[in-house]
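Trainee: Got a file for you: my_file.txt, compact mmCIF, C-alpha atoms (C1' of nucleotides).
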```
# COMPACT_ATOMS: atom_id res chain seq x y z
CA MET A 313 0.00 0.00 0.00
CA THR A 314 2.60 2.56 -0.98
CA ALA A 315 0.37 4.35 -3.47
CA ARG A 316 -3.03 5.95 -3.10
CA THR A 317 -6.04 4.04 -4.28
CA GLN A 318 -6.68 6.17 -7.31
CA GLN A 319 -3.09 6.60 -8.43
CA ALA A 320 -2.13 3.28 -10.05
CA ALA A 321 0.80 4.59 -12.12
CA PRO A 322 0.41 8.05 -13.67
CA LEU A 323 -0.45 7.06 -17.25
CA ARG A 324 1.57 7.86 -20.29
CA ALA A 325 1.09 11.33 -21.73
CA ASN A 326 -0.29 9.57 -24.74
CA ALA A 327 -2.86 7.63 -22.79
CA ARG A 328 -3.79 10.62 -20.68
CA GLN A 329 -4.57 12.62 -23.79
CA ASN A 330 -6.70 9.85 -25.21
CA ARG A 331 -8.59 9.61 -21.98
CA GLU A 332 -9.41 13.27 -22.04
CA ARG A 333 -10.38 13.22 -25.69
CA ILE A 334 -12.82 10.43 -24.95
CA LEU A 335 -14.31 12.30 -22.01
CA GLN A 336 -14.67 15.43 -24.09
CA ALA A 337 -16.36 13.59 -26.94
CA ALA A 338 -18.60 11.70 -24.52
CA TRP A 339 -19.57 14.92 -22.78
CA GLU A 340 -20.66 16.49 -26.05
CA SER A 341 -22.48 13.42 -27.26
CA LEU A 342 -24.27 12.71 -24.02
CA LEU A 343 -25.43 16.28 -23.75
CA GLU A 344 -27.29 15.81 -27.02
CA SER A 345 -28.61 12.36 -26.28
CA ASN A 346 -27.77 9.88 -23.60
CA GLU A 347 -28.23 7.07 -26.08
CA ALA A 348 -25.12 7.93 -28.04
CA SER A 349 -23.31 4.75 -28.99
CA LEU A 350 -19.87 3.97 -27.67
CA ASN A 351 -18.68 3.42 -31.22
CA SER A 352 -19.73 6.90 -32.25
CA ILE A 353 -18.06 8.41 -29.20
CA ALA A 354 -14.81 6.63 -29.95
CA LYS A 355 -14.98 7.81 -33.54
CA LYS A 356 -15.68 11.38 -32.49
CA ALA A 357 -12.76 11.24 -30.09
CA GLY A 358 -10.54 9.93 -32.85
CA VAL A 359 -9.51 6.78 -31.00
CA GLY A 360 -10.06 3.11 -31.61
CA ILE A 361 -12.99 1.52 -29.91
CA GLY A 362 -10.62 -0.70 -28.02
CA THR A 363 -9.02 2.34 -26.42
CA LEU A 364 -12.35 3.49 -25.11
CA TYR A 365 -12.89 0.11 -23.51
CA ARG A 366 -9.44 0.15 -22.03
CA HIS A 367 -10.17 3.37 -20.17
CA PHE A 368 -13.81 2.77 -19.37
CA PRO A 369 -14.70 -0.90 -19.09
CA THR A 370 -18.44 -0.26 -19.04
CA ARG A 371 -20.80 2.37 -20.31
CA GLU A 372 -21.70 3.32 -16.78
CA ALA A 373 -18.10 3.97 -15.90
CA LEU A 374 -17.86 6.43 -18.75
CA VAL A 375 -21.12 8.21 -18.02
CA LEU A 376 -20.31 8.54 -14.34
CA GLU A 377 -16.86 9.92 -15.03
CA VAL A 378 -18.30 12.47 -17.43
CA TYR A 379 -20.66 13.87 -14.87
CA ARG A 380 -18.64 13.32 -11.75
CA HIS A 381 -17.09 16.73 -11.79
CA GLU A 382 -20.37 18.50 -12.45
CA VAL A 383 -22.22 16.61 -9.79
CA GLN A 384 -19.53 17.25 -7.23
CA GLN A 385 -19.74 20.95 -7.84
CA ALA A 386 -23.48 20.99 -7.42
CA ALA A 387 -23.24 18.99 -4.23
CA ALA A 388 -20.42 21.08 -2.82
CA ALA A 389 -22.57 24.18 -2.64
CA ALA A 390 -24.16 22.96 0.59
CA PRO A 391 -21.75 24.49 3.13
CA ALA A 392 -21.91 27.92 1.51
CA LEU A 393 -25.68 27.80 1.56
CA LEU A 394 -25.67 26.94 5.24
CA ASP A 395 -23.52 29.99 5.87
CA ARG A 396 -25.84 32.34 4.06
CA LEU A 397 -29.25 30.98 4.93
CA GLU A 398 -31.17 29.38 7.74
CA PRO A 399 -30.99 25.57 7.70
CA LEU A 400 -34.45 25.03 6.30
CA ALA A 401 -34.00 27.60 3.55
CA ALA A 402 -30.58 26.20 2.74
CA LEU A 403 -31.98 22.71 2.31
CA ARG A 404 -34.73 23.96 0.07
CA GLU A 405 -32.38 26.09 -2.00
CA TRP A 406 -29.97 23.18 -2.45
CA MET A 407 -32.76 20.98 -3.70
CA GLU A 408 -33.91 23.62 -6.12
CA ARG A 409 -30.44 24.01 -7.51
CA LEU A 410 -30.11 20.32 -8.02
CA ALA A 411 -33.49 20.34 -9.76
CA GLN A 412 -32.52 23.17 -12.03
CA TYR A 413 -29.17 21.60 -12.71
CA GLY A 414 -30.78 18.34 -13.76
CA MET A 415 -33.10 20.14 -16.11
CA THR A 416 -30.40 22.09 -17.84
CA LYS A 417 -28.42 19.06 -18.81
CA VAL A 418 -30.87 17.06 -20.83
CA GLY A 419 -28.92 13.86 -20.82
CA LEU A 420 -27.81 13.94 -17.23
CA ALA A 421 -31.21 13.27 -15.74
CA ASP A 422 -31.76 10.12 -17.74
CA ALA A 423 -28.21 9.03 -17.28
CA LEU A 424 -28.40 9.42 -13.53
CA SER A 425 -31.69 7.65 -13.11
CA SER A 426 -30.72 4.77 -15.36
CA VAL A 427 -27.38 4.44 -13.66
CA ALA A 428 -29.03 4.68 -10.28
CA SER A 429 -30.90 1.46 -10.87
CA HIS A 430 -27.62 -0.36 -11.20
CA GLU A 431 -26.49 0.21 -7.66
CA SER A 432 -22.90 -0.85 -8.44
CA LEU A 433 -21.09 2.31 -9.47
CA ALA A 434 -23.88 4.66 -8.62
CA VAL A 435 -22.88 4.61 -4.98
CA GLU A 436 -19.56 6.14 -5.82
CA ALA A 437 -21.16 8.90 -7.87
CA TYR A 438 -23.81 9.69 -5.32
CA GLU A 439 -21.38 9.83 -2.48
CA PRO A 440 -20.69 13.57 -2.60
CA VAL A 441 -24.38 14.23 -3.07
CA ILE A 442 -25.24 12.09 -0.09
CA GLY A 443 -22.55 13.86 1.89
CA ALA A 444 -23.96 17.28 1.12
CA LEU A 445 -27.51 16.23 1.82
CA SER A 446 -26.43 14.61 5.06
CA LEU A 447 -24.84 17.87 6.13
CA LEU A 448 -28.01 19.83 5.41
CA LEU A 449 -30.20 17.33 7.20
CA ARG A 450 -28.00 17.33 10.28
CA ALA A 451 -28.04 21.12 10.41
CA ASN A 452 -31.81 21.10 10.31
CA GLU A 453 -32.03 18.35 12.84
CA ALA A 454 -29.85 20.39 15.20
CA ALA A 455 -32.08 23.39 14.65
CA GLY A 456 -35.17 21.31 15.30
CA THR A 457 -36.67 22.23 11.96
CA ILE A 458 -37.15 18.73 10.57
CA ARG A 459 -38.08 15.40 12.04
CA PRO A 460 -35.10 13.65 13.56
CA GLY A 461 -33.57 10.47 12.22
CA LEU A 462 -34.04 11.04 8.50
CA ASP A 463 -31.85 8.94 6.22
CA PRO A 464 -30.15 10.93 3.44
CA ASP A 465 -30.52 7.98 1.08
CA ASP A 466 -34.25 7.96 1.67
CA VAL A 467 -34.56 11.67 1.02
CA LEU A 468 -32.46 11.49 -2.13
CA LEU A 469 -34.53 8.60 -3.42
CA ILE A 470 -37.67 10.67 -3.03
CA MET A 471 -35.94 13.61 -4.70
CA GLY A 472 -35.68 11.42 -7.76
CA PHE A 473 -38.90 12.97 -9.04
CA LEU A 474 -36.88 16.06 -9.83
CA TRP A 475 -35.21 14.21 -12.67
CA ARG A 476 -38.36 12.79 -14.07
CA ILE A 477 -40.26 16.01 -14.58
CA ASP A 478 -40.76 16.57 -18.27
CA PRO A 479 -38.35 19.39 -19.17
CA ARG A 480 -40.69 20.60 -21.89
CA SER A 481 -43.49 21.24 -19.40
CA ASP A 482 -43.52 24.07 -16.86
CA TRP A 483 -41.07 22.26 -14.64
CA ARG A 484 -40.39 25.45 -12.74
CA SER A 485 -43.78 25.59 -11.04
CA ARG A 486 -44.14 21.83 -10.94
CA SER A 487 -40.87 21.19 -9.17
CA GLY A 488 -41.87 23.94 -6.77
CA ARG A 489 -45.14 22.24 -5.89
CA LEU A 490 -43.45 18.86 -5.51
CA LEU A 491 -40.68 20.24 -3.34
CA ASP A 492 -43.31 21.87 -1.16
CA ILE A 493 -44.85 18.48 -0.50
CA LEU A 494 -41.49 16.89 0.20
CA MET A 495 -40.40 19.71 2.51
CA ASP A 496 -43.65 19.45 4.44
CA GLY A 497 -43.06 15.75 4.78
CA LEU A 498 -39.63 16.40 6.23
CA LYS A 499 -40.88 19.11 8.55
CA ALA A 500 -43.66 16.96 9.98
CA GLY A 501 -42.76 15.82 13.49
CA ALA A 502 -40.04 18.40 13.95
CA PRO A 503 -39.65 19.16 17.64
CA GLY A 504 -39.18 22.90 17.23
CA ALA A 505 -41.36 23.69 14.25
CA ALA A 506 -44.64 25.52 14.56
CA PRO A 507 -47.34 23.75 12.48
CA ALA A 508 -49.66 25.74 10.22
CA MET B 1373 -67.66 6.84 -36.91
CA THR B 1374 -69.82 3.75 -36.91
CA ALA B 1375 -67.37 1.63 -34.93
CA ARG B 1376 -65.87 2.11 -31.51
CA THR B 1377 -62.34 3.36 -31.30
CA GLN B 1378 -60.82 0.09 -30.22
CA GLN B 1379 -62.76 -2.20 -32.56
CA ALA B 1380 -61.19 -1.75 -35.98
CA ALA B 1381 -62.41 -5.04 -37.50
CA PRO B 1382 -62.41 -8.09 -35.21
CA LEU B 1383 -59.24 -9.81 -36.41
CA ARG B 1384 -59.04 -13.19 -37.98
CA ALA B 1385 -59.06 -16.14 -35.59
CA ASN B 1386 -55.59 -16.80 -36.84
CA ALA B 1387 -54.32 -13.32 -36.05
CA ARG B 1388 -56.07 -13.22 -32.73
CA GLN B 1389 -54.30 -16.39 -31.66
CA ASN B 1390 -50.95 -15.05 -32.72
CA ARG B 1391 -51.55 -11.88 -30.81
CA GLU B 1392 -52.25 -13.80 -27.65
CA ARG B 1393 -49.29 -16.06 -28.10
CA ILE B 1394 -47.06 -13.03 -28.39
CA LEU B 1395 -48.53 -11.47 -25.26
CA GLN B 1396 -48.10 -14.71 -23.35
CA ALA B 1397 -44.48 -15.10 -24.43
CA ALA B 1398 -43.77 -11.44 -23.71
CA TRP B 1399 -45.33 -11.74 -20.27
CA GLU B 1400 -43.08 -14.64 -19.38
CA SER B 1401 -39.97 -13.06 -20.81
CA LEU B 1402 -40.50 -9.65 -19.29
CA LEU B 1403 -41.12 -11.13 -15.88
CA GLU B 1404 -37.62 -12.57 -15.98
CA SER B 1405 -35.94 -9.55 -17.45
CA ASN B 1406 -37.36 -6.45 -19.02
CA GLU B 1407 -34.50 -6.43 -21.48
CA ALA B 1408 -35.71 -9.46 -23.37
CA SER B 1409 -35.22 -8.92 -27.08
CA LEU B 1410 -38.16 -8.73 -29.41
CA ASN B 1411 -36.58 -11.40 -31.54
CA SER B 1412 -36.45 -13.83 -28.66
CA ILE B 1413 -40.06 -13.08 -27.76
CA ALA B 1414 -41.21 -13.73 -31.30
CA LYS B 1415 -39.28 -16.96 -31.36
CA LYS B 1416 -40.70 -18.07 -28.05
CA ALA B 1417 -44.18 -17.27 -29.28
CA GLY B 1418 -43.54 -19.29 -32.41
CA VAL B 1419 -44.29 -16.46 -34.82
CA GLY B 1420 -42.23 -14.55 -37.33
CA ILE B 1421 -40.67 -11.33 -36.14
CA GLY B 1422 -42.72 -9.47 -38.71
CA THR B 1423 -45.90 -10.67 -37.05
CA LEU B 1424 -44.82 -9.22 -33.75
CA TYR B 1425 -44.24 -5.88 -35.41
CA ARG B 1426 -47.60 -6.05 -37.12
CA HIS B 1427 -49.37 -6.35 -33.80
CA PHE B 1428 -47.13 -4.12 -31.72
CA PRO B 1429 -45.39 -1.43 -33.74
CA THR B 1430 -43.07 -0.44 -30.89
CA ARG B 1431 -41.56 -2.11 -27.87
CA GLU B 1432 -43.47 0.22 -25.61
CA ALA B 1433 -46.76 -0.78 -27.16
CA LEU B 1434 -46.01 -4.39 -26.34
CA VAL B 1435 -44.84 -3.76 -22.80
CA LEU B 1436 -47.80 -1.59 -22.00
CA GLU B 1437 -50.27 -4.10 -23.37
CA VAL B 1438 -48.67 -6.85 -21.33
CA TYR B 1439 -49.09 -4.97 -18.09
CA ARG B 1440 -52.28 -3.09 -18.86
CA HIS B 1441 -54.53 -5.68 -17.32
CA GLU B 1442 -52.43 -6.04 -14.19
CA VAL B 1443 -52.13 -2.34 -13.64
CA GLN B 1444 -55.83 -1.80 -14.10
CA GLN B 1445 -56.59 -4.37 -11.44
CA ALA B 1446 -54.23 -2.78 -8.96
CA ALA B 1447 -55.68 0.63 -9.61
CA ALA B 1448 -59.28 -0.58 -9.44
CA ALA B 1449 -58.95 -1.57 -5.80
CA ALA B 1450 -59.43 2.04 -4.74
CA PRO B 1451 -63.24 2.12 -4.38
CA ALA B 1452 -63.30 -1.05 -2.28
CA LEU B 1453 -60.64 0.37 0.00
CA LEU B 1454 -62.65 3.55 0.48
CA ASP B 1455 -65.61 1.44 1.52
CA ARG B 1456 -63.66 -0.48 4.13
CA LEU B 1457 -61.33 2.16 5.54
CA GLU B 1458 -61.17 5.80 6.43
CA PRO B 1459 -59.97 7.99 3.55
CA LEU B 1460 -56.47 8.49 4.90
CA ALA B 1461 -55.97 4.80 5.65
CA ALA B 1462 -57.39 3.86 2.26
CA LEU B 1463 -54.92 6.14 0.48
CA ARG B 1464 -52.03 4.72 2.42
CA GLU B 1465 -53.12 1.14 1.88
CA TRP B 1466 -53.54 1.72 -1.84
CA MET B 1467 -50.02 3.10 -2.06
CA GLU B 1468 -48.63 0.17 -0.16
CA ARG B 1469 -50.34 -2.28 -2.46
CA LEU B 1470 -48.95 -0.54 -5.49
CA ALA B 1471 -45.52 -0.66 -3.89
CA GLN B 1472 -45.77 -4.33 -3.11
CA TYR B 1473 -47.14 -5.05 -6.52
CA GLY B 1474 -44.26 -3.30 -8.21
CA MET B 1475 -41.75 -5.28 -6.15
CA THR B 1476 -43.28 -8.64 -6.92
CA LYS B 1477 -43.01 -8.24 -10.63
CA VAL B 1478 -39.35 -7.62 -11.13
CA GLY B 1479 -39.61 -6.42 -14.69
CA LEU B 1480 -42.64 -4.26 -14.24
CA ALA B 1481 -40.98 -1.61 -12.15
CA ASP B 1482 -38.25 -0.99 -14.69
CA ALA B 1483 -40.66 -1.23 -17.55
CA LEU B 1484 -42.99 1.30 -16.00
CA SER B 1485 -40.33 3.79 -15.13
CA SER B 1486 -38.62 3.54 -18.49
CA VAL B 1487 -41.89 3.84 -20.31
CA ALA B 1488 -42.88 6.73 -18.09
CA SER B 1489 -40.06 8.85 -19.43
CA HIS B 1490 -41.50 8.56 -22.92
CA GLU B 1491 -44.69 10.44 -22.17
CA SER B 1492 -46.32 9.25 -25.39
CA LEU B 1493 -48.07 6.01 -24.57
CA ALA B 1494 -47.50 6.19 -20.87
CA VAL B 1495 -50.45 8.51 -20.50
CA GLU B 1496 -52.78 5.80 -21.69
CA ALA B 1497 -51.35 3.25 -19.27
CA TYR B 1498 -51.34 5.59 -16.31
CA GLU B 1499 -54.89 6.72 -16.87
CA PRO B 1500 -56.59 4.13 -14.63
CA VAL B 1501 -53.95 4.67 -11.98
CA ILE B 1502 -54.46 8.41 -12.09
CA GLY B 1503 -58.20 7.85 -11.91
CA ALA B 1504 -57.92 5.73 -8.79
CA LEU B 1505 -55.51 8.12 -7.13
CA SER B 1506 -57.72 11.05 -8.00
CA LEU B 1507 -60.63 9.32 -6.31
CA LEU B 1508 -58.63 8.72 -3.15
CA LEU B 1509 -57.34 12.27 -3.05
CA ARG B 1510 -60.80 13.75 -3.51
CA ALA B 1511 -62.19 11.58 -0.70
CA ASN B 1512 -59.46 12.81 1.62
CA GLU B 1513 -59.94 16.37 0.53
CA ALA B 1514 -63.63 16.10 1.34
CA ALA B 1515 -62.78 14.66 4.75
CA GLY B 1516 -60.29 17.47 5.37
CA THR B 1517 -57.46 15.02 5.97
CA ILE B 1518 -55.05 16.29 3.32
CA ARG B 1519 -54.18 19.66 1.93
CA PRO B 1520 -56.62 20.77 -0.73
CA GLY B 1521 -55.74 21.17 -4.38
CA LEU B 1522 -53.29 18.31 -4.80
CA ASP B 1523 -52.69 17.17 -8.35
CA PRO B 1524 -52.84 13.36 -8.82
CA ASP B 1525 -50.09 13.57 -11.42
CA ASP B 1526 -47.84 15.30 -8.92
CA VAL B 1527 -48.48 12.71 -6.25
CA LEU B 1528 -47.93 9.82 -8.62
CA LEU B 1529 -44.68 11.34 -9.81
CA ILE B 1530 -43.43 11.46 -6.23
CA MET B 1531 -44.63 7.90 -5.70
CA GLY B 1532 -42.15 6.90 -8.36
CA PHE B 1533 -39.64 6.17 -5.62
CA LEU B 1534 -41.62 3.02 -4.89
CA TRP B 1535 -40.38 1.52 -8.12
CA ARG B 1536 -36.79 2.46 -7.59
CA ILE B 1537 -36.26 0.81 -4.25
CA ASP B 1538 -33.81 -2.02 -4.63
CA PRO B 1539 -35.92 -5.20 -4.37
CA ARG B 1540 -33.00 -7.06 -2.85
CA SER B 1541 -32.81 -4.68 0.09
CA ASP B 1542 -35.35 -4.54 2.90
CA TRP B 1543 -37.82 -2.69 0.74
CA ARG B 1544 -40.61 -3.45 3.17
CA SER B 1545 -39.33 -1.15 5.91
CA ARG B 1546 -37.83 1.29 3.49
CA SER B 1547 -41.00 1.82 1.49
CA GLY B 1548 -42.75 2.24 4.84
CA ARG B 1549 -40.43 5.04 5.90
CA LEU B 1550 -40.67 6.74 2.54
CA LEU B 1551 -44.44 6.54 2.45
CA ASP B 1552 -44.52 8.05 5.93
CA ILE B 1553 -42.70 11.07 4.63
CA LEU B 1554 -44.93 11.37 1.61
CA MET B 1555 -48.12 10.98 3.64
CA ASP B 1556 -46.95 13.65 6.07
CA GLY B 1557 -46.31 15.93 3.13
CA LEU B 1558 -49.84 15.38 1.89
CA LYS B 1559 -51.34 15.86 5.33
CA ALA B 1560 -49.54 19.15 5.94
CA GLY B 1561 -51.95 22.05 5.63
CA ALA B 1562 -55.05 19.89 5.91
CA PRO B 1563 -57.90 21.97 7.34
CA GLY B 1564 -59.29 19.25 9.60
CA ALA B 1565 -56.19 17.36 10.64
CA ALA B 1566 -54.70 17.58 14.10
CA PRO B 1567 -50.92 18.00 13.89
CA ALA B 1568 -48.59 15.93 16.07
C1' DA C 393 2.13 -0.09 -21.92
C1' DC C 394 -0.89 1.24 -24.87
C1' DC C 395 -3.47 1.50 -29.26
C1' DT C 396 -5.95 -0.25 -33.34
C1' DG C 397 -9.74 -2.07 -35.91
C1' DA C 398 -11.42 -6.44 -37.95
C1' DA C 399 -14.41 -9.92 -36.28
C1' DC C 400 -18.23 -11.90 -33.74
C1' DA C 401 -22.71 -12.41 -32.00
C1' DC C 402 -26.27 -9.88 -31.33
C1' DC C 403 -30.03 -6.22 -31.85
C1' DG C 404 -34.24 -3.52 -34.02
C1' DT C 405 -36.61 -2.86 -38.17
C1' DT C 406 -38.09 -3.35 -42.99
C1' DC C 407 -40.16 -5.45 -46.82
C1' DA C 408 -40.58 -8.69 -50.87
C1' DA C 409 -42.54 -12.90 -51.20
C1' DG C 410 -45.74 -16.04 -49.94
C1' DT C 411 -50.76 -18.10 -48.25
C1' DA D 674 -55.53 -9.93 -44.53
C1' DC D 675 -52.12 -11.80 -42.51
C1' DC D 676 -47.68 -14.24 -41.97
C1' DT D 677 -42.78 -15.26 -42.82
C1' DG D 678 -37.89 -14.74 -42.46
C1' DA D 679 -33.88 -13.09 -45.17
C1' DA D 680 -31.62 -8.76 -45.36
C1' DC D 681 -29.87 -4.40 -43.69
C1' DA D 682 -27.67 -1.24 -40.76
C1' DC D 683 -26.50 -0.99 -36.51
C1' DC D 684 -24.89 -2.19 -31.65
C1' DG D 685 -21.55 -3.82 -27.65
C1' DT D 686 -17.56 -6.37 -26.84
C1' DT D 687 -13.31 -9.06 -27.62
C1' DC D 688 -8.72 -9.87 -28.94
C1' DA D 689 -4.76 -10.77 -32.20
C1' DA D 690 -1.68 -7.81 -34.14
C1' DG D 691 0.87 -3.90 -34.04
C1' DT D 692 4.03 0.28 -31.96
```
Write the structure described by the file as structure tokens, please.

Mentor:
Amino acid sequence: MTARTQQAAPLRANARQNRERILQAAWESLLESNEASLNSIAKKAGVGIGTLYRHFPTREALVLEVYRHEVQQAAAAAPALLDRLEPLAALREWMERLAQYGMTKVGLADALSSVASHESLAVEAYEPVIGALSLLLRANEAAGTIRPGLDPDDVLLIMGFLWRIDPRSDWRSRSGRLLDILMDGLKAGAPGAAPA
Amino acid sequence: MTARTQQAAPLRANARQNRERILQAAWESLLESNEASLNSIAKKAGVGIGTLYRHFPTREALVLEVYRHEVQQAAAAAPALLDRLEPLAALREWMERLAQYGMTKVGLADALSSVASHESLAVEAYEPVIGALSLLLRANEAAGTIRPGLDPDDVLLIMGFLWRIDPRSDWRSRSGRLLDILMDGLKAGAPGAAPA
DNA sequence: ACCTGAACACCGTTCAAGT
DNA sequence: ACCTGAACACCGTTCAAGT
């Protein structure tokens, strides 16, 4: 165990460049449609199909790597929100951002939900999201604004509706209504909250 | 307009039999895995692939037809539940049945959620479900046990988490927890309900 | 160590030919 | 009117051959 888990020999410059070309091509293709074929992505990247498989053994691995950075950024906003806003408002704002984020990237929503059903790699991708959500829930629990004992995984699973709202409809008002229901569900049984 | 919409000439005995063979084979195949190929289904049914396409122009059309009957039955339980139970308990029980139903049929959950993203035909399949849910919501609204003005489509969209719980996990307790949250969200703001 | 691309087994879909 | 299945263009995936 002399090296870090993710290190595994620092790749030839050659290989590194190929890897990034593939990610770039995949990013562009998946933004258009998440059904882009691996063959077409390899072609677009200007590498052999075998090279794509060498770097990303499964389709999921590729998709997750493409969005990892983006997802991490979205998730990482949690602490800043907790600084600026009250816990309850921060939680709500974070959810809304994630909703909006999912809607902007057409392919991402489908990709995430289809990947999510294969628990395997999804865990790894969801980890930062779960971490951020966990932070927000704990802050609210400490403030007595939500019911205690909520599981971040449970809450995130419910939040899945955000990625299944038809982007062509008025998702703005719809996601608002749906988040209202979810937030009320989380608030119910809060020790410090004043009911309507 | 002398014929009903669904009639369209009563099919040859020959064709009718083929149609049912296809549905039977599809039912068996989809129960095992919802990724069964159309070719394999046609083969299992003992018909040419062209015949399958003649009866079901798209994969969705086939999947929906396979599950239509089942889904209708599940949805149709609503009135009986309202007879036996109080509105709130009936709504909860109906949701739990739908959850359990989705878990039993391995393929159905995936099929439903993947079909649901293509709004096209999904509307037709969801109609009886929406009808049943609408009935339950109206009964609760009349009893003052949930917040008024809830949209059945919204509630069903949230309920989607039921079909994304990993069947290999302890979905029983998990779906219970999740439904608790949802029910609390629906109850919040009810004119007649006594808060905890 | 890494890359290439032909090769393989499959898939969905069409459509000329049959009855 | 309905059925068949060969044919087509594609797909994911592997792996011998190259550098």

Trainee: Using all atoms listed in the file, I'd like every residue of chain A that has an atom within 8 Å of chain C; please write them out as a list in words.

Mentor: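 Close enough to count are Ala327, Gly360, Ile361, Gly362 and Thr363 of chain A.
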
Trainee: Select, as a VMD selection string, those residues of chain B with any atom no more than 7 Å from chain A (distances computed using only C-alpha atoms).

Mentor: chain B and resid 1489 1526 1529 to 1530 1532 to 1533 1536 1550 1553 to 1554 1556 to 1558 1560 to 1561 1567 to 1568

Trainee: Any idea what the distance is between atom CA of B:Ile1502 and atom CA of B:Leu1410?

Mentor: 29.3 Å

Trainee: Pull the neighbourhood of (-27.8, 22.4, 6.0) for me: all residues within 6 Å in file coordinates, counting only C-alpha atoms (C1' of nucleotides), as a PyMOL selection string.

Mentor: chain A and resi 394+399+402-403+447-449+451

Trainee: Tell me, as a list in words, which residues lie within 12 Å of B:Glu1392, counting all atoms listed in the file; anything in the same chain fewer than 6 positions away does not count.

Mentor: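 With the cut-off at 12 Å, the set is Leu1383, Ala1385, Asn1386, Ala1398, Trp1399, Ala1414, Ala1417, Gly1418, Val1419, Thr1423, Leu1424, His1427, Phe1428, Leu1434, Glu1437 and Val1438 of chain B.
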
Trainee: Any idea what the distance is between atom CA of B:Asn1512 and atom CA of B:Tyr1498?

Mentor: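 Between atom CA of B:Asn1512 and atom CA of B:Tyr1498 the gap works out to 21.0 Å.
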
Trainee: Take atom CA of A:Asp465 and atom CA of A:Leu410 and report the distance between them in Å, one decimal.

Mentor: 15.3 Å

Trainee: Please give the centre and size of the box around stretch 366-378 of chain A (axis-aligned, containing every atom listed in the file, 4 Å added per side), with values in Å to one decimal and written as lines of an AutoDock Vina configuration file.

Mentor:
```
center_x = -15.6
center_y = 5.8
center_z = -18.2
size_x = 20.3
size_y = 21.4
size_z = 15.7
```

Trainee: Can you find the residues with an atom no farther than 10 Å from (-21.0, 16.1, -10.4), counting all atoms listed in the file, and report them as a list in words?

Mentor: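 Residues close enough to count: Leu376, Glu377, Val378, Tyr379, Arg380, His381, Glu382, Val383, Gln384, Gln385, Ala386, Ala387, Ala388, Leu420, Ala437, Tyr438, Pro440 and Val441 of chain A.
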